[in-house]
Amino acid sequence: MKQLNSNELRKLYLDYYKSKGHAVIGSASLIPENDPTVLFTTAGMHPLVPYLLGEKHPAGNRLTDVQICVRTGDIDEVGDATHCTFFEMLGRWSLGDYFKEYAIECSHDFLLNQLEFDKDKFAVTVFAGDEDCPRDEESASYWKAQGIPEDHIFFCNKKHNWWGPAGITGPCGPDTEMFIDTGKPKCSPECSPACDCGKYVEIGNDVFMQYFKNADGTFSPLKQKNVDEGMGLERMLCILNGYKSVYETDLFSFAIAKLEELSGKKYGEDEAMTVAMRIIADHTRTATFLLGDVKGISPSNVDQGYVLRRLIRRAMRYCRTLGVDDSALVELAKLYVAKYEEAYPYIKENEPRIISELEAEKDKFAKTIEQGLKEFDKIVAHLPQGMTVFPGKTAFRLYDTFGFPIEMTAELAKEKGFTLDREGYDKAFADHQALSKAGAEQKFKGGLADGGELTARLHSATHLLNAALKIVLHDDNIQQRGSNITSERLRFDFNFPRPLTQEEIAQVEKIVNDEIAKDTEVKLEEMSVEDAKKAGAIGVFDNRYGDVVKVYTIGISKEICGGPHAKRTGELGHFRIVKEQSSSAGVRRIKAVLEY
């Protein structure tokens with residue numbers, strides 16, 4: 001196997017697919033555009049959903065990139081050898097161009113010839129088939145054609161080798177996953193890559209979107225068949241270099257070294273200290289990218305801001321466990337900026353914001369601790385006389401409501417002569433976790449980037465709203481800081497320091513409705529990034545589309561955007577703002593509807 005650092009692996013992957021006719025596109029923002037189903041970009045395919053559904057991509061039908069992602073469903077698992085909240089996904093796509101045969105040929109070539117994985121340790125899985133869709137003998141035959149022995153090809157069920165749909169209906173299909181045999185003994189005679197025993201480690205995945213799941217549960221062939229390949233950068237670096245955890249890779253090693261220096265403790269010598277270092281390193285990296293994103297968010301008590309705050313404060317709590325000051329997060333953030341500025345230059349540009357937000361959250365967390373101490377004293381004063389056990393549910397309420405660390409509750413309880421009901425706390429925590437996961441799953445089931453007619457109209461209304469705000473508030477520096485659109489309403493976050501007056505809200509509504517009344521055509525043009533800037537188009541120029549971008553002109557608005565949109569403004573009905581409120585410090589939020 002080739003031993004590579006992160007910059008070398010990114011370059012090797014992109015250069016390889018560029019040589020195969022794929023356009024290299026930039027990473028999209030971690031904050032999804034107009035996707036009500038997820039808080040963050042969780043996979044390389046998220047920003048490309050309109051193109052997977054048939055819309056033409058300006059860069060063509062063969063694409064490759066390294067997409068930054070955040071997944072927070074397993075926050076409490078971070079601290080082990082493999083889980084990360086932020087990660088980079090190496091990806092390539094065929095949008096209606098080649099399909100299984102060439103996709104498998106490229107995956108095989110890249111993994112075994114470019115990265116030099118051992119062919120004898122290489123194994124793959126393919127879809128076993130069921131009553132809905134047939135066994136994927138086609139993919140198996142293409143792997144055999146590449147020289148993969150039959151006993152290294154495993155057929156697995158939908159749980160292991162099927163992707164999608166993201167919602168109740170939509171594109172979906174079988175996938176083929178690639179693994180390395182670690183050499184561990186089989187856990188049973190039936191042991192396969194589908195096992196969790198650790199014998200096989202996944203190194204890549206090719207999704208073949210060839211079906212559409214209909215509302216009645218049946219499957220129809222897709223008109224446009226797509227390929228979506230994904231390979232996790234952190235995991236790949238770990239395997240290639242023979243490391244036991246991702247924290248030994250060059251993406252984390254410098255951060256761990258800084259924590260060793262600050263704490264005087266050695267990584268790997270004590271399990272609790274090792275876990276603390278991993279959590280601080282991981283959460284600070286994620287916070288650095290969320291704060292420094294092109295649509296950078298701020299810590300708050302709702303949505304993305306809530307998750308960001310939770311990550312920062314969890315890292316700060318573990319700083320206390322490690323015996324270092326909260327300011328360690330600022331020092332680590334500066335190191336992460338230096339590490340990633342070559343791959344993601346905007347991180348360096350936004351460094352002042354990253355540092356100031358971390359400093360502000362540090363001060364707020366100190367106040368939270370103070371508030372939690374007062375609340376703890378109130379609780380103790382009201383506990384029945386003679387009670388010796390501090391209730392677990394109450395300890396969890398202190399954590400969940402006030403962000404008060406359980407470790408502090410345990411210490412204070414002991415000082416007051418109580419034994420903490422840790423079992424009760426753990427149960428309350430587990431119940432809360434189960435509810436959160438169920439909610440997240442329900443949110444995800446809503447479908448990715450719903451491209452329906454009503455959503456498209458609300459998307460067009462969002463463009464008009466953005467333009468109207470600039471006019472009414474006399475501020476060309478107003479920018480979108482988040483957008484969430486369902487088929488019922490739009491939600492638009494923008495930077496502004498104060499609440500809007502009723503008069504300003506009425507003016508914004510009037511401007512939007514005047515544009516709707518004109519029934520003008522929604523115009524789409526494809527042009528270079530430079531021409532888009534010269535034409536006065538607004539938007540985040542994050543290179544997600546490559547050298548060519550789509551520019552939508554909707555009356556008073558001209559924005560770069562991936563779509564979808566209404567055909568004419570007259571389709572939008574009547575625009576009404578139902579709520580204007582604070583989203584986070586310096587960011588306002590508008591919720592609006594279209595009435596027909």
# chains A, B, ... in the order shown; residues from 1 in each chain; ligands from 1

$ residues_around --residues "range 262-278 of chain A" --least-positions-apart "6" --cutoff "10 Å" --atoms "only C-alpha atoms" --output "PyMOL selection string"
chain A and resi 78-81+83-84+246-247+252+255-256+284+314-315+317-325+328

$ residues_around --residues "range 578-591 of chain A" --least-positions-apart "3" --cutoff "12 Å" --atoms "only C-alpha atoms" --output "PDB file with C-alpha atoms, in the first residue's frame"
ATOM      1  CA  LYS A 295     -22.170  30.319   4.993  1.00  0.00           C
ATOM      2  CA  GLY A 296     -20.638  30.345   8.481  1.00  0.00           C
ATOM      3  CA  ILE A 297     -23.084  29.865  11.336  1.00  0.00           C
ATOM      4  CA  SER A 298     -22.898  30.975  14.962  1.00  0.00           C
ATOM      5  CA  PRO A 299     -23.589  29.018  18.160  1.00  0.00           C
ATOM      6  CA  SER A 300     -27.258  29.322  19.145  1.00  0.00           C
ATOM      7  CA  ASN A 301     -30.106  27.370  20.695  1.00  0.00           C
ATOM      8  CA  VAL A 302     -31.741  26.226  17.437  1.00  0.00           C
ATOM      9  CA  ASP A 303     -30.946  23.991  14.469  1.00  0.00           C
ATOM     10  CA  GLN A 304     -27.341  24.087  13.179  1.00  0.00           C
ATOM     11  CA  GLY A 305     -26.345  26.647  15.797  1.00  0.00           C
ATOM     12  CA  TYR A 306     -27.513  24.347  18.574  1.00  0.00           C
ATOM     13  CA  LEU A 308     -22.385  23.806  16.956  1.00  0.00           C
ATOM     14  CA  ARG A 309     -22.848  25.056  20.520  1.00  0.00           C
ATOM     15  CA  GLU A 357     -16.864  33.214  18.044  1.00  0.00           C
ATOM     16  CA  ALA A 360     -17.426  34.534  22.895  1.00  0.00           C
ATOM     17  CA  GLU A 361     -18.737  31.007  23.446  1.00  0.00           C
ATOM     18  CA  LEU A 458     -40.849  29.014  -2.778  1.00  0.00           C
ATOM     19  CA  ALA A 461     -39.657  33.591  -3.767  1.00  0.00           C
ATOM     20  CA  THR A 462     -36.543  33.271  -1.578  1.00  0.00           C
ATOM     21  CA  LEU A 465     -36.972  38.112  -0.707  1.00  0.00           C
ATOM     22  CA  ASN A 466     -33.177  38.367  -0.608  1.00  0.00           C
ATOM     23  CA  LEU A 469     -34.225  42.970   1.859  1.00  0.00           C
ATOM     24  CA  ILE A 478     -26.864  41.317   3.356  1.00  0.00           C
ATOM     25  CA  GLN A 479     -26.189  37.680   2.561  1.00  0.00           C
ATOM     26  CA  GLN A 480     -28.039  34.420   2.935  1.00  0.00           C
ATOM     27  CA  ARG A 481     -26.862  32.669   6.116  1.00  0.00           C
ATOM     28  CA  GLY A 482     -29.163  29.683   5.800  1.00  0.00           C
ATOM     29  CA  SER A 483     -32.231  28.550   3.894  1.00  0.00           C
ATOM     30  CA  ASN A 484     -34.776  25.854   4.645  1.00  0.00           C
ATOM     31  CA  ILE A 485     -37.645  25.229   2.239  1.00  0.00           C
ATOM     32  CA  THR A 486     -40.491  22.735   2.482  1.00  0.00           C
ATOM     33  CA  GLU A 488     -45.456  24.619   2.754  1.00  0.00           C
ATOM     34  CA  ARG A 489     -43.111  27.516   3.597  1.00  0.00           C
ATOM     35  CA  LEU A 490     -39.695  29.098   3.229  1.00  0.00           C
ATOM     36  CA  ARG A 491     -37.284  30.007   5.982  1.00  0.00           C
ATOM     37  CA  PHE A 492     -34.497  32.472   5.214  1.00  0.00           C
ATOM     38  CA  ASP A 493     -31.622  33.510   7.513  1.00  0.00           C
ATOM     39  CA  PHE A 494     -29.599  36.642   6.757  1.00  0.00           C
ATOM     40  CA  ASN A 495     -27.003  38.798   8.487  1.00  0.00           C
ATOM     41  CA  PHE A 496     -28.547  41.919  10.073  1.00  0.00           C
ATOM     42  CA  PRO A 497     -27.964  43.419  13.535  1.00  0.00           C
ATOM     43  CA  ARG A 498     -31.540  44.289  14.594  1.00  0.00           C
ATOM     44  CA  PRO A 499     -35.211  43.271  14.252  1.00  0.00           C
ATOM     45  CA  LEU A 500     -37.081  44.589  11.206  1.00  0.00           C
ATOM     46  CA  THR A 501     -39.848  47.128  11.850  1.00  0.00           C
ATOM     47  CA  GLN A 502     -43.418  46.404  10.770  1.00  0.00           C
ATOM     48  CA  GLU A 504     -39.905  47.378   6.722  1.00  0.00           C
ATOM     49  CA  ILE A 505     -41.626  43.996   6.661  1.00  0.00           C
ATOM     50  CA  ALA A 506     -44.576  45.509   4.777  1.00  0.00           C
ATOM     51  CA  VAL A 508     -40.382  43.841   1.650  1.00  0.00           C
ATOM     52  CA  GLU A 509     -43.712  42.055   1.077  1.00  0.00           C
ATOM     53  CA  PHE A 575     -46.137  36.336  -0.750  1.00  0.00           C
ATOM     54  CA  LEU A 594     -47.107  31.705  -0.724  1.00  0.00           C
ATOM     55  CA  GLU A 595     -50.911  31.927  -0.772  1.00  0.00           C
TER      56      GLU A 595
END

$ residues_around --residues "Phe99 in chain A" --least-positions-apart "3" --cutoff "10 Å" --atoms "only C-alpha atoms" --output "ChimeraX atom specification"
/A:93-96,102-104,208-210,225-228

$ write_last_selection --atoms "C-alpha atoms" --output "JSON list (two decimals), in the first residue's frame"
[["chain", "number", "residue", "atom", "x", "y", "z"],
["A", 93, "TRP", "CA", -20.12, 10.81, -10.35],
["A", 94, "SER", "CA", -21.46, 9.74, -13.68],
["A", 95, "LEU", "CA", -24.70, 11.60, -14.39],
["A", 96, "GLY", "CA", -26.34, 9.46, -17.04],
["A", 102, "TYR", "CA", -16.68, 1.40, -16.23],
["A", 103, "ALA", "CA", -17.42, 2.46, -12.64],
["A", 104, "ILE", "CA", -16.12, -0.87, -11.32],
["A", 208, "PHE", "CA", -25.78, 2.55, -8.83],
["A", 209, "MET", "CA", -28.94, 4.68, -9.02],
["A", 210, "GLN", "CA", -31.00, 2.75, -11.53],
["A", 225, "LYS", "CA", -28.85, 6.08, -14.43],
["A", 226, "ASN", "CA", -26.14, 7.51, -12.16],
["A", 227, "VAL", "CA", -22.99, 6.36, -10.42],
["A", 228, "ASP", "CA", -21.97, 7.81, -7.05]]

$ atom_distance --atom1 "CA of Ala128 in chain A" --atom2 "CA of Pro149 in chain A"
17.4 Å

$ closest_residue --among "A:His46, A:Lys348, A:His57, A:Lys427" --to "Cys69 in chain A" --atoms "only C-alpha atoms"
A:His46

$ residues_around --residues "range 174-188 of chain A" --least-positions-apart "2" --cutoff "8 Å" --atoms "only C-alpha atoms" --output "compact mmCIF listing (two decimals) with N, CA, C and O atoms, in the first residue's frame"
# COMPACT_ATOMS: atom_id res chain seq x y z
N LYS A 121 -6.05 -9.44 -0.38
CA LYS A 121 -6.84 -9.02 0.79
C LYS A 121 -8.07 -8.22 0.40
O LYS A 121 -8.80 -7.72 1.25
N PHE A 122 -8.28 -8.07 -0.91
CA PHE A 122 -9.38 -7.24 -1.43
C PHE A 122 -10.65 -8.07 -1.58
O PHE A 122 -10.61 -9.19 -2.11
N ALA A 123 -11.78 -7.54 -1.09
CA ALA A 123 -13.07 -8.22 -1.20
C ALA A 123 -14.15 -7.20 -1.52
O ALA A 123 -14.01 -6.01 -1.22
N VAL A 124 -15.24 -7.66 -2.13
CA VAL A 124 -16.35 -6.77 -2.47
C VAL A 124 -17.68 -7.41 -2.10
O VAL A 124 -17.79 -8.63 -1.98
N THR A 125 -18.69 -6.56 -1.92
CA THR A 125 -20.06 -7.05 -1.73
C THR A 125 -20.94 -6.47 -2.83
O THR A 125 -20.68 -5.36 -3.33
N VAL A 126 -21.96 -7.23 -3.22
CA VAL A 126 -22.95 -6.77 -4.21
C VAL A 126 -24.34 -7.16 -3.71
O VAL A 126 -24.48 -7.98 -2.80
N PHE A 127 -25.36 -6.59 -4.32
CA PHE A 127 -26.74 -6.79 -3.87
C PHE A 127 -27.24 -8.20 -4.19
O PHE A 127 -27.12 -8.68 -5.31
N ASP A 136 -27.81 -8.66 -8.26
CA ASP A 136 -26.94 -7.86 -9.12
C ASP A 136 -25.77 -8.71 -9.66
O ASP A 136 -24.60 -8.50 -9.32
N SER A 139 -22.94 -6.60 -11.65
CA SER A 139 -21.78 -6.05 -10.95
C SER A 139 -20.79 -7.15 -10.59
O SER A 139 -19.56 -6.98 -10.72
N LYS A 158 -30.51 -5.99 1.30
CA LYS A 158 -30.73 -4.55 1.16
C LYS A 158 -30.11 -3.74 2.29
O LYS A 158 -29.67 -2.61 2.09
N ASN A 161 -26.37 -3.59 1.00
CA ASN A 161 -25.99 -3.23 -0.37
C ASN A 161 -27.12 -2.61 -1.17
O ASN A 161 -27.42 -3.02 -2.29
N TRP A 162 -27.73 -1.59 -0.57
CA TRP A 162 -28.78 -0.85 -1.27
C TRP A 162 -28.76 0.58 -0.76
O TRP A 162 -28.62 0.81 0.44
N TRP A 163 -28.90 1.52 -1.69
CA TRP A 163 -28.97 2.92 -1.28
C TRP A 163 -30.31 3.51 -1.65
O TRP A 163 -30.76 3.38 -2.78
N CYS A 172 -33.01 5.35 -6.33
CA CYS A 172 -32.39 4.38 -5.43
C CYS A 172 -31.73 3.30 -6.28
O CYS A 172 -31.84 3.31 -7.51
N GLU A 190 -19.76 -18.36 8.38
CA GLU A 190 -20.50 -17.47 7.47
C GLU A 190 -19.92 -16.06 7.44
O GLU A 190 -20.51 -15.16 6.84
N CYS A 191 -18.81 -15.84 8.10
CA CYS A 191 -18.23 -14.49 8.22
C CYS A 191 -18.04 -13.86 6.84
O CYS A 191 -17.56 -14.49 5.90
N PRO A 193 -17.97 -9.54 4.76
CA PRO A 193 -17.85 -8.10 5.02
C PRO A 193 -19.10 -7.50 5.67
O PRO A 193 -19.03 -6.37 6.15
N CYS A 197 -17.49 -7.86 12.97
CA CYS A 197 -16.44 -8.45 13.82
C CYS A 197 -15.08 -7.79 13.63
O CYS A 197 -14.16 -8.03 14.41
N GLY A 198 -14.92 -6.96 12.59
CA GLY A 198 -13.66 -6.26 12.39
C GLY A 198 -12.70 -6.94 11.43
O GLY A 198 -11.61 -6.42 11.17
N LYS A 199 -13.09 -8.10 10.92
CA LYS A 199 -12.20 -8.79 9.96
C LYS A 199 -12.07 -7.98 8.67
O LYS A 199 -10.99 -7.92 8.07
N TYR A 200 -13.19 -7.37 8.23
CA TYR A 200 -13.19 -6.60 6.98
C TYR A 200 -13.41 -5.11 7.28
O TYR A 200 -14.26 -4.75 8.09
N VAL A 201 -12.65 -4.25 6.60
CA VAL A 201 -12.79 -2.81 6.75
C VAL A 201 -13.17 -2.21 5.40
O VAL A 201 -12.48 -2.45 4.39
N GLU A 202 -14.26 -1.43 5.37
CA GLU A 202 -14.72 -0.84 4.11
C GLU A 202 -13.79 0.29 3.68
O GLU A 202 -13.40 1.13 4.49
N ILE A 203 -13.46 0.33 2.39
CA ILE A 203 -12.59 1.39 1.87
C ILE A 203 -13.24 2.19 0.73
O ILE A 203 -12.69 3.21 0.31
N GLY A 204 -14.40 1.73 0.25
CA GLY A 204 -15.05 2.47 -0.83
C GLY A 204 -16.42 1.90 -1.14
O GLY A 204 -16.76 0.78 -0.74
N ASN A 205 -17.21 2.70 -1.86
CA ASN A 205 -18.59 2.31 -2.16
C ASN A 205 -19.02 2.94 -3.48
O ASN A 205 -18.84 4.14 -3.68
N ASP A 206 -19.55 2.13 -4.38
CA ASP A 206 -20.15 2.63 -5.62
C ASP A 206 -21.66 2.40 -5.57
O ASP A 206 -22.10 1.25 -5.47
N VAL A 207 -22.43 3.49 -5.60
CA VAL A 207 -23.89 3.39 -5.63
C VAL A 207 -24.36 3.48 -7.08
O VAL A 207 -23.94 4.38 -7.82
N PHE A 208 -25.23 2.56 -7.48
CA PHE A 208 -25.78 2.55 -8.83
C PHE A 208 -27.25 2.93 -8.78
O PHE A 208 -28.11 2.11 -8.47
N MET A 209 -27.56 4.20 -9.05
CA MET A 209 -28.94 4.68 -9.02
C MET A 209 -29.60 4.30 -10.33
O MET A 209 -29.41 4.96 -11.35
N GLN A 210 -30.38 3.22 -10.30
CA GLN A 210 -31.00 2.75 -11.53
C GLN A 210 -32.50 2.55 -11.42
O GLN A 210 -33.16 2.23 -12.40

$ select_by_dssp --residues "range 299-389 of chain A" --states "helix (DSSP H, G or I)" --output "PyMOL selection string"
chain A and resi 303-322+328-340+346-349+351-382

$ write_last_selection --atoms "C-alpha atoms" --output "PDB file, in the first residue's frame"
ATOM      1  CA  ASP A 303     -30.946  23.991  14.469  1.00  0.00           C
ATOM      2  CA  GLN A 304     -27.341  24.087  13.179  1.00  0.00           C
ATOM      3  CA  GLY A 305     -26.345  26.647  15.797  1.00  0.00           C
ATOM      4  CA  TYR A 306     -27.513  24.347  18.574  1.00  0.00           C
ATOM      5  CA  VAL A 307     -25.369  21.463  17.297  1.00  0.00           C
ATOM      6  CA  LEU A 308     -22.385  23.806  16.956  1.00  0.00           C
ATOM      7  CA  ARG A 309     -22.848  25.056  20.520  1.00  0.00           C
ATOM      8  CA  ARG A 310     -23.134  21.487  21.798  1.00  0.00           C
ATOM      9  CA  LEU A 311     -19.879  20.507  20.077  1.00  0.00           C
ATOM     10  CA  ILE A 312     -17.970  23.513  21.410  1.00  0.00           C
ATOM     11  CA  ARG A 313     -19.233  23.090  24.961  1.00  0.00           C
ATOM     12  CA  ARG A 314     -18.635  19.341  24.952  1.00  0.00           C
ATOM     13  CA  ALA A 315     -15.033  20.044  23.903  1.00  0.00           C
ATOM     14  CA  MET A 316     -14.755  22.623  26.702  1.00  0.00           C
ATOM     15  CA  ARG A 317     -16.058  20.126  29.258  1.00  0.00           C
ATOM     16  CA  TYR A 318     -13.391  17.652  28.211  1.00  0.00           C
ATOM     17  CA  CYS A 319     -10.762  20.382  28.508  1.00  0.00           C
ATOM     18  CA  ARG A 320     -11.624  20.363  32.214  1.00  0.00           C
ATOM     19  CA  THR A 321     -11.250  16.564  32.289  1.00  0.00           C
ATOM     20  CA  LEU A 322      -7.831  16.935  30.678  1.00  0.00           C
ATOM     21  CA  ALA A 328      -7.072  25.356  24.186  1.00  0.00           C
ATOM     22  CA  LEU A 329      -9.885  25.366  21.598  1.00  0.00           C
ATOM     23  CA  VAL A 330      -8.676  28.698  20.208  1.00  0.00           C
ATOM     24  CA  GLU A 331      -5.101  27.399  19.964  1.00  0.00           C
ATOM     25  CA  LEU A 332      -6.262  24.236  18.193  1.00  0.00           C
ATOM     26  CA  ALA A 333      -8.500  26.222  15.826  1.00  0.00           C
ATOM     27  CA  LYS A 334      -5.504  28.278  14.696  1.00  0.00           C
ATOM     28  CA  LEU A 335      -3.581  25.054  14.018  1.00  0.00           C
ATOM     29  CA  TYR A 336      -6.494  23.627  12.004  1.00  0.00           C
ATOM     30  CA  VAL A 337      -6.703  26.820   9.913  1.00  0.00           C
ATOM     31  CA  ALA A 338      -3.002  26.499   9.092  1.00  0.00           C
ATOM     32  CA  LYS A 339      -3.431  22.798   8.261  1.00  0.00           C
ATOM     33  CA  TYR A 340      -6.415  23.214   5.916  1.00  0.00           C
ATOM     34  CA  TYR A 346     -11.758  30.429   2.832  1.00  0.00           C
ATOM     35  CA  ILE A 347     -10.887  28.937   6.244  1.00  0.00           C
ATOM     36  CA  LYS A 348      -7.910  31.323   6.442  1.00  0.00           C
ATOM     37  CA  GLU A 349     -10.024  34.257   5.244  1.00  0.00           C
ATOM     38  CA  GLU A 351     -10.016  32.944  10.773  1.00  0.00           C
ATOM     39  CA  PRO A 352     -10.853  36.169  12.694  1.00  0.00           C
ATOM     40  CA  ARG A 353     -14.511  35.129  12.845  1.00  0.00           C
ATOM     41  CA  ILE A 354     -13.629  31.603  13.993  1.00  0.00           C
ATOM     42  CA  ILE A 355     -11.470  32.919  16.850  1.00  0.00           C
ATOM     43  CA  SER A 356     -13.906  35.630  17.990  1.00  0.00           C
ATOM     44  CA  GLU A 357     -16.864  33.214  18.044  1.00  0.00           C
ATOM     45  CA  LEU A 358     -14.904  30.635  20.059  1.00  0.00           C
ATOM     46  CA  GLU A 359     -13.826  33.327  22.525  1.00  0.00           C
ATOM     47  CA  ALA A 360     -17.426  34.534  22.895  1.00  0.00           C
ATOM     48  CA  GLU A 361     -18.737  31.007  23.446  1.00  0.00           C
ATOM     49  CA  LYS A 362     -16.020  30.424  26.059  1.00  0.00           C
ATOM     50  CA  ASP A 363     -17.360  33.402  28.049  1.00  0.00           C
ATOM     51  CA  LYS A 364     -20.975  32.287  27.646  1.00  0.00           C
ATOM     52  CA  PHE A 365     -20.136  28.778  28.815  1.00  0.00           C
ATOM     53  CA  ALA A 366     -18.527  30.209  31.960  1.00  0.00           C
ATOM     54  CA  LYS A 367     -21.854  31.945  32.703  1.00  0.00           C
ATOM     55  CA  THR A 368     -23.690  28.668  32.024  1.00  0.00           C
ATOM     56  CA  ILE A 369     -21.555  26.928  34.628  1.00  0.00           C
ATOM     57  CA  GLU A 370     -22.357  29.709  37.101  1.00  0.00           C
ATOM     58  CA  GLN A 371     -26.077  29.374  36.377  1.00  0.00           C
ATOM     59  CA  GLY A 372     -25.868  25.598  36.741  1.00  0.00           C
ATOM     60  CA  LEU A 373     -24.237  25.940  40.153  1.00  0.00           C
ATOM     61  CA  LYS A 374     -27.103  28.155  41.359  1.00  0.00           C
ATOM     62  CA  GLU A 375     -29.666  25.677  39.986  1.00  0.00           C
ATOM     63  CA  PHE A 376     -27.879  22.793  41.704  1.00  0.00           C
ATOM     64  CA  ASP A 377     -28.075  24.600  45.060  1.00  0.00           C
ATOM     65  CA  LYS A 378     -31.818  25.215  44.548  1.00  0.00           C
ATOM     66  CA  ILE A 379     -32.406  21.522  43.791  1.00  0.00           C
ATOM     67  CA  VAL A 380     -30.475  20.361  46.856  1.00  0.00           C
ATOM     68  CA  ALA A 381     -32.421  22.769  49.083  1.00  0.00           C
ATOM     69  CA  HIS A 382     -35.705  21.169  47.954  1.00  0.00           C
TER      70      HIS A 382
END

$ residues_around --residues "Ala468 in chain A" --least-positions-apart "5" --cutoff "10 Å" --atoms "only C-alpha atoms" --output "list in words"
Thr462, His463, Leu473, His474, Ile505, Gln507, Val508, Glu509, Lys510, Ile511, Val512, Glu515, Ile556 and Ser557 of chain A

$ write_last_selection --atoms "all heavy atoms" --output "compact mmCIF listing (two decimals), in the first residue's frame"
# COMPACT_ATOMS: atom_id res chain seq x y z
N THR A 462 -37.69 33.00 -2.45
CA THR A 462 -36.54 33.27 -1.58
C THR A 462 -35.56 34.22 -2.26
O THR A 462 -35.01 35.12 -1.62
CB THR A 462 -35.84 31.96 -1.20
OG1 THR A 462 -36.78 31.09 -0.57
CG2 THR A 462 -34.69 32.21 -0.24
N HIS A 463 -35.34 34.02 -3.57
CA HIS A 463 -34.46 34.92 -4.32
C HIS A 463 -35.01 36.35 -4.30
O HIS A 463 -34.26 37.31 -4.10
CB HIS A 463 -34.32 34.44 -5.76
CG HIS A 463 -33.36 33.30 -5.93
ND1 HIS A 463 -32.46 33.23 -6.97
CD2 HIS A 463 -33.15 32.19 -5.20
CE1 HIS A 463 -31.74 32.12 -6.87
NE2 HIS A 463 -32.16 31.46 -5.80
N LEU A 473 -33.59 47.61 3.32
CA LEU A 473 -32.67 47.88 4.43
C LEU A 473 -31.43 48.66 3.98
O LEU A 473 -30.55 48.94 4.80
CB LEU A 473 -32.25 46.56 5.09
CG LEU A 473 -33.42 45.73 5.65
CD1 LEU A 473 -32.91 44.41 6.20
CD2 LEU A 473 -34.17 46.50 6.72
N HIS A 474 -31.37 49.01 2.68
CA HIS A 474 -30.27 49.81 2.12
C HIS A 474 -28.92 49.19 2.49
O HIS A 474 -28.01 49.89 2.95
CB HIS A 474 -30.34 51.26 2.63
CG HIS A 474 -31.66 51.90 2.44
ND1 HIS A 474 -32.14 52.26 1.20
CD2 HIS A 474 -32.64 52.22 3.34
CE1 HIS A 474 -33.35 52.79 1.33
NE2 HIS A 474 -33.68 52.77 2.61
N ILE A 505 -41.06 45.28 7.08
CA ILE A 505 -41.63 44.00 6.66
C ILE A 505 -42.68 44.20 5.58
O ILE A 505 -42.71 43.48 4.57
CB ILE A 505 -42.22 43.25 7.89
CG1 ILE A 505 -41.10 42.78 8.82
CG2 ILE A 505 -43.08 42.07 7.45
CD1 ILE A 505 -41.57 42.23 10.14
N GLN A 507 -42.88 46.70 3.49
CA GLN A 507 -42.20 47.14 2.26
C GLN A 507 -41.60 45.94 1.52
O GLN A 507 -41.68 45.85 0.29
CB GLN A 507 -41.09 48.14 2.60
CG GLN A 507 -41.59 49.54 2.93
CD GLN A 507 -40.42 50.46 3.26
OE1 GLN A 507 -39.59 50.15 4.13
NE2 GLN A 507 -40.33 51.58 2.58
N VAL A 508 -40.97 45.04 2.27
CA VAL A 508 -40.38 43.84 1.65
C VAL A 508 -41.47 43.03 0.96
O VAL A 508 -41.32 42.59 -0.19
CB VAL A 508 -39.65 42.98 2.71
CG1 VAL A 508 -39.27 41.62 2.13
CG2 VAL A 508 -38.40 43.70 3.21
N GLU A 509 -42.59 42.81 1.67
CA GLU A 509 -43.71 42.06 1.08
C GLU A 509 -44.20 42.72 -0.21
O GLU A 509 -44.46 42.04 -1.21
CB GLU A 509 -44.87 41.97 2.08
CG GLU A 509 -44.63 41.01 3.23
CD GLU A 509 -45.80 40.97 4.19
OE1 GLU A 509 -46.51 41.99 4.32
OE2 GLU A 509 -46.02 39.92 4.81
N LYS A 510 -44.33 44.05 -0.18
CA LYS A 510 -44.84 44.78 -1.36
C LYS A 510 -43.91 44.61 -2.55
O LYS A 510 -44.37 44.36 -3.68
CB LYS A 510 -45.01 46.27 -1.02
CG LYS A 510 -45.60 47.07 -2.19
CD LYS A 510 -45.80 48.53 -1.83
CE LYS A 510 -46.53 49.27 -2.95
NZ LYS A 510 -45.89 49.14 -4.27
N ILE A 511 -42.59 44.74 -2.33
CA ILE A 511 -41.63 44.61 -3.43
C ILE A 511 -41.72 43.22 -4.05
O ILE A 511 -41.74 43.06 -5.29
CB ILE A 511 -40.20 44.90 -2.94
CG1 ILE A 511 -40.06 46.40 -2.65
CG2 ILE A 511 -39.16 44.47 -3.98
CD1 ILE A 511 -38.75 46.78 -1.99
N VAL A 512 -41.77 42.19 -3.22
CA VAL A 512 -41.86 40.81 -3.73
C VAL A 512 -43.16 40.62 -4.51
O VAL A 512 -43.17 40.06 -5.62
CB VAL A 512 -41.75 39.78 -2.59
CG1 VAL A 512 -42.00 38.37 -3.12
CG2 VAL A 512 -40.37 39.86 -1.93
N GLU A 515 -43.18 42.20 -7.93
CA GLU A 515 -42.45 41.39 -8.91
C GLU A 515 -43.27 40.19 -9.37
O GLU A 515 -43.24 39.81 -10.54
CB GLU A 515 -41.12 40.91 -8.31
CG GLU A 515 -40.08 42.01 -8.13
CD GLU A 515 -39.72 42.69 -9.44
OE1 GLU A 515 -39.62 41.99 -10.47
OE2 GLU A 515 -39.54 43.93 -9.44
N ILE A 556 -36.04 41.46 -9.99
CA ILE A 556 -35.00 42.29 -9.38
C ILE A 556 -33.81 41.47 -8.88
O ILE A 556 -32.83 42.02 -8.39
CB ILE A 556 -35.57 43.09 -8.19
CG1 ILE A 556 -36.24 42.12 -7.18
CG2 ILE A 556 -36.54 44.15 -8.67
CD1 ILE A 556 -36.68 42.79 -5.90
N SER A 557 -33.89 40.15 -8.99
CA SER A 557 -32.85 39.28 -8.43
C SER A 557 -32.00 38.63 -9.52
O SER A 557 -32.51 38.20 -10.55
CB SER A 557 -33.51 38.17 -7.59
OG SER A 557 -32.62 37.13 -7.31
